[in-house]
Protein chains: 2
Amino acid sequence: MTISTKGRYALRIMMDLANHIGETVKLKDIAARQEISEKYMEQIIAVLNKAGYVRSTRGAQGGYQLVRPPKDYTVGMILRLTEGSLAPVDCLVENALPCERDGRCATVEIYKRIYDAVNNVIDTTTIQDLLDIEQEKAANSYVI
Amino acid sequence: MTISTKGRYALRIMMDLANHIGETVKLKDIAARQEISEKYMEQIIAVLNKAGYVRSTRGAQGGYQLVRPPKDYTVGMILRLTEGSLAPVDCLVENALPCERDGRCATVEIYKRIYDAVNNVIDTTTIQDLLDIEQEKAANSYVI
DNA sequence: CTTAATTCCTATTATGTCAATAGGGTTTCT
DNA sequence: AGAAACCCTATTGACATAATAGGAATTAAG
């Protein structure tokens, strides 16, 4: 029931870019700040790039930047893109093969409720919300 | 982000026993009804047995039965027992090694919200609730 | 125009977990 | 006895995860 590094790193990459609006950010710098393997990050940001969530500039002095403002990206968009569906069971994944047991399966109801709860959380939280939380955390860390 | 067969089968085993209150149910019969490998189920029900959720009777004519009424078992009890914590990231698992990033990590907040939402669902739904849903489904299947 | 810096693309691999399968041991009813 | 059931532990095949690796393509700067 865990979210893999792929989705978690994608979220951190988006957060890093959101913290550098207006700049073209090198992957190397993100990797250093986030302490993530640069090579692995390449694969993850490629997905964000193909989806049009980030824009890349190739060549020397190149890098990445967010395409839209942080408030336009929900956590759900990012996690679903990189992780696939967050459904707790396969039979709830969109376009899944219909389950033969479905009509009489009672347990699927609990999985639907879990799925709904998760979707609700990730679709109502944006990168901007997380930025705000980060600000708040930083402010509180100065308090003695 | 999926729940493994271990937890799902455990839930179905508990549901099966709940449907046969007062009887001593053979694993072979549960396996047949639920279409689950009997040998695999042995391992799962052993966990339920050690936790005291079911009581076993050994020897010929033996089997299993629920120890308490279905309303006393939350889905959370069963899933946590068989799956371990349902935390979406390791740093939220109870008694996890403290994360060095914790003080400045903003993304953990979204994982906390997901975790809370999931826990809320599984702790407020009991086996009896699922039985009721099953009854309702069966009733509706007769409607033309 | 050359070099260095950077993104882009694809293949390979190590590790670990899941989902069983397997085989025998122990207990108890008839 | 003997059969029927639970009990215990080891092994395995398949798959996904989380990288690592190596080089090709592109572009800014000197």
# chains A, B, ... in the order shown; residues from 1 in each chain; ligands from 1
>>> residues_around(residues="Asp29 in chain B", least_positions_apart="4", cutoff="10 Å", atoms="only C-alpha atoms (C1' of nucleotides)", output="MDAnalysis selection string")
chainID B and resid 16 25 33:35 38 63
>>> write_last_selection(atoms="C-alpha atoms", output="PDB file, in the first residue's frame")
ATOM      1  CA  ASP B  16     -16.932 -16.417   4.989  1.00  0.00           C
ATOM      2  CA  VAL B  25     -15.976 -24.326   9.054  1.00  0.00           C
ATOM      3  CA  ARG B  33     -16.325 -21.115  -1.963  1.00  0.00           C
ATOM      4  CA  GLN B  34     -13.777 -18.340  -2.251  1.00  0.00           C
ATOM      5  CA  GLU B  35     -11.771 -19.985  -5.017  1.00  0.00           C
ATOM      6  CA  GLU B  38      -6.133 -23.997   0.248  1.00  0.00           C
ATOM      7  CA  GLY B  63     -12.264 -26.213  11.374  1.00  0.00           C
TER       8      GLY B  63
END
>>> interface_residues(of="chain C", to="chain A", cutoff="9 Å", atoms="only C-alpha atoms (C1' of nucleotides)", output="PyMOL selection string")
chain C and resi 4-8
>>> interface_residues(of="chain B", to="chain A", cutoff="10 Å", atoms="only C-alpha atoms", output="ChimeraX atom specification")
/B:1-5,8-9,11-12,15,34,75,83-90,101,103-111,113-122,125-127,129-138,140-141
>>> select_by_dssp(residues="chain B", states="strand (DSSP E or B)", output="short mmCIF file (atom, residue, chain, number, x, y, z; two decimals) with C-alpha atoms, in the first residue's frame")
data_model
loop_
_atom_site.label_atom_id
_atom_site.label_comp_id
_atom_site.auth_asym_id
_atom_site.auth_seq_id
_atom_site.Cartn_x
_atom_site.Cartn_y
_atom_site.Cartn_z
CA VAL B 25 -15.98 -24.33 9.05
CA VAL B 54 -10.57 -16.96 14.88
CA ARG B 55 -10.57 -20.13 16.91
CA SER B 56 -9.44 -23.41 15.41
CA THR B 57 -10.50 -26.96 16.22
CA GLY B 63 -12.26 -26.21 11.37
CA TYR B 64 -12.51 -22.55 12.24
CA GLN B 65 -14.97 -20.11 13.68
CA LEU B 66 -15.06 -16.44 14.59
CA THR B 74 -13.12 -3.58 11.86
CA THR B 126 -16.83 -3.57 10.29
#
>>> select_by_dssp(residues="chain B", states="helix (DSSP H, G or I)", output="JSON, numbers by chain")
{"B": [5, 6, 7, 8, 9, 10, 11, 12, 13, 14, 15, 16, 17, 18, 27, 28, 29, 30, 31, 32, 33, 34, 38, 39, 40, 41, 42, 43, 44, 45, 46, 47, 48, 49, 50, 70, 71, 72, 75, 76, 77, 78, 79, 80, 81, 82, 83, 90, 91, 92, 102, 103, 104, 108, 109, 110, 111, 112, 113, 114, 115, 116, 117, 118, 119, 120, 121, 122, 123, 127, 128, 129, 130, 131, 132, 133, 134, 135, 136, 137, 138, 139, 140]}
>>> write_last_selection(atoms="C-alpha atoms", output="mmCIF file, in the first residue's frame")
data_model
loop_
_atom_site.group_PDB
_atom_site.id
_atom_site.type_symbol
_atom_site.label_atom_id
_atom_site.label_comp_id
_atom_site.auth_asym_id
_atom_site.auth_seq_id
_atom_site.Cartn_x
_atom_site.Cartn_y
_atom_site.Cartn_z
ATOM 1 C CA THR B 5 -3.906 -10.811 -1.771
ATOM 2 C CA LYS B 6 -2.894 -11.557 1.793
ATOM 3 C CA GLY B 7 -5.063 -8.794 3.201
ATOM 4 C CA ARG B 8 -7.812 -9.253 0.677
ATOM 5 C CA TYR B 9 -8.040 -12.991 1.257
ATOM 6 C CA ALA B 10 -8.001 -12.457 5.017
ATOM 7 C CA LEU B 11 -11.012 -10.215 4.638
ATOM 8 C CA ARG B 12 -12.803 -12.813 2.552
ATOM 9 C CA ILE B 13 -11.994 -15.549 5.041
ATOM 10 C CA MET B 14 -13.453 -13.453 7.845
ATOM 11 C CA MET B 15 -16.520 -12.746 5.733
ATOM 12 C CA ASP B 16 -16.932 -16.417 4.989
ATOM 13 C CA LEU B 17 -16.758 -17.321 8.677
ATOM 14 C CA ALA B 18 -19.162 -14.503 9.466
ATOM 15 C CA LEU B 27 -10.643 -24.536 5.395
ATOM 16 C CA LYS B 28 -11.347 -26.756 2.416
ATOM 17 C CA ASP B 29 -14.875 -25.404 2.217
ATOM 18 C CA ILE B 30 -13.769 -21.791 2.483
ATOM 19 C CA ALA B 31 -11.190 -22.418 -0.207
ATOM 20 C CA ALA B 32 -13.812 -23.916 -2.491
ATOM 21 C CA ARG B 33 -16.325 -21.115 -1.963
ATOM 22 C CA GLN B 34 -13.777 -18.340 -2.251
ATOM 23 C CA GLU B 38 -6.133 -23.997 0.248
ATOM 24 C CA LYS B 39 -2.416 -24.145 1.019
ATOM 25 C CA TYR B 40 -2.004 -20.416 0.684
ATOM 26 C CA MET B 41 -5.049 -19.823 2.844
ATOM 27 C CA GLU B 42 -3.521 -21.943 5.590
ATOM 28 C CA GLN B 43 -0.779 -19.362 5.996
ATOM 29 C CA ILE B 44 -3.204 -16.490 6.106
ATOM 30 C CA ILE B 45 -5.646 -17.997 8.541
ATOM 31 C CA ALA B 46 -2.702 -18.929 10.778
ATOM 32 C CA VAL B 47 -2.137 -15.205 11.295
ATOM 33 C CA LEU B 48 -5.796 -14.648 12.123
ATOM 34 C CA ASN B 49 -5.608 -17.581 14.500
ATOM 35 C CA LYS B 50 -2.512 -16.370 16.353
ATOM 36 C CA PRO B 70 -18.859 -9.615 13.133
ATOM 37 C CA LYS B 71 -19.539 -6.128 14.423
ATOM 38 C CA ASP B 72 -16.449 -6.406 16.664
ATOM 39 C CA VAL B 75 -11.631 -3.901 8.427
ATOM 40 C CA GLY B 76 -8.653 -2.006 9.793
ATOM 41 C CA MET B 77 -7.927 -4.684 12.382
ATOM 42 C CA ILE B 78 -7.805 -7.345 9.708
ATOM 43 C CA LEU B 79 -5.866 -5.448 7.070
ATOM 44 C CA ARG B 80 -3.282 -4.141 9.509
ATOM 45 C CA LEU B 81 -2.772 -7.571 10.966
ATOM 46 C CA THR B 82 -2.154 -9.219 7.613
ATOM 47 C CA GLU B 83 -0.689 -6.360 5.569
ATOM 48 C CA ASP B 90 7.739 4.327 5.155
ATOM 49 C CA CYS B 91 8.426 7.443 7.197
ATOM 50 C CA LEU B 92 4.813 7.382 8.435
ATOM 51 C CA ASP B 102 11.175 15.593 8.198
ATOM 52 C CA GLY B 103 11.436 19.146 9.478
ATOM 53 C CA ARG B 104 11.520 20.672 6.023
ATOM 54 C CA VAL B 108 4.991 14.305 3.733
ATOM 55 C CA GLU B 109 1.926 16.372 4.504
ATOM 56 C CA ILE B 110 0.043 14.931 1.553
ATOM 57 C CA TYR B 111 0.994 11.433 2.639
ATOM 58 C CA LYS B 112 -0.302 12.141 6.113
ATOM 59 C CA ARG B 113 -3.608 13.244 4.659
ATOM 60 C CA ILE B 114 -3.840 10.122 2.533
ATOM 61 C CA TYR B 115 -2.973 7.950 5.503
ATOM 62 C CA ASP B 116 -5.568 9.645 7.701
ATOM 63 C CA ALA B 117 -8.241 9.247 5.050
ATOM 64 C CA VAL B 118 -7.497 5.549 4.597
ATOM 65 C CA ASN B 119 -7.388 4.883 8.325
ATOM 66 C CA ASN B 120 -10.665 6.673 8.787
ATOM 67 C CA VAL B 121 -12.374 4.425 6.232
ATOM 68 C CA ILE B 122 -11.017 1.118 7.458
ATOM 69 C CA ASP B 123 -11.581 1.884 11.121
ATOM 70 C CA ILE B 127 -17.327 -7.078 8.980
ATOM 71 C CA GLN B 128 -20.972 -6.671 9.957
ATOM 72 C CA ASP B 129 -21.215 -3.627 7.685
ATOM 73 C CA LEU B 130 -19.868 -5.686 4.821
ATOM 74 C CA LEU B 131 -22.331 -8.473 5.608
ATOM 75 C CA ASP B 132 -25.143 -5.957 5.363
ATOM 76 C CA ILE B 133 -23.851 -4.787 1.995
ATOM 77 C CA GLU B 134 -23.701 -8.379 0.830
ATOM 78 C CA GLN B 135 -27.318 -8.932 1.862
ATOM 79 C CA GLU B 136 -28.354 -5.860 -0.015
ATOM 80 C CA LYS B 137 -26.506 -6.914 -3.144
ATOM 81 C CA ALA B 138 -28.103 -10.353 -3.031
ATOM 82 C CA ALA B 139 -31.554 -8.826 -2.629
ATOM 83 C CA ASN B 140 -31.051 -6.496 -5.534
#
>>> closest_atom_pairs(of="chain D", to="chain B", cutoff="6 Å", atoms="only C-alpha atoms (C1' of nucleotides)", output="Markdown table")
| residue | atom | partner | partner_atom | distance |
| --- | --- | --- | --- | --- |
| D:DA4 | C1' | B:Ala60 | CA | 4.3 |
| D:DA5 | C1' | B:Ala60 | CA | 4.7 |
| D:DC6 | C1' | B:Arg58 | CA | 5.1 |
>>> atom_distance(atom1="C1' of DT17 in chain D", atom2="CA of Ile36 in chain A")
15.4 Å
>>> atom_distance(atom1="CA of Tyr73 in chain A", atom2="CA of Glu23 in chain A")
18.3 Å
>>> closest_residue(among="D:DA3, D:DC8, D:DC15, D:DA21", to="DT28 in chain C", atoms="only C-alpha atoms (C1' of nucleotides)")
D:DA3
>>> atom_distance(atom1="C1' of DT9 in chain D", atom2="CA of Ser37 in chain B")
17.8 Å
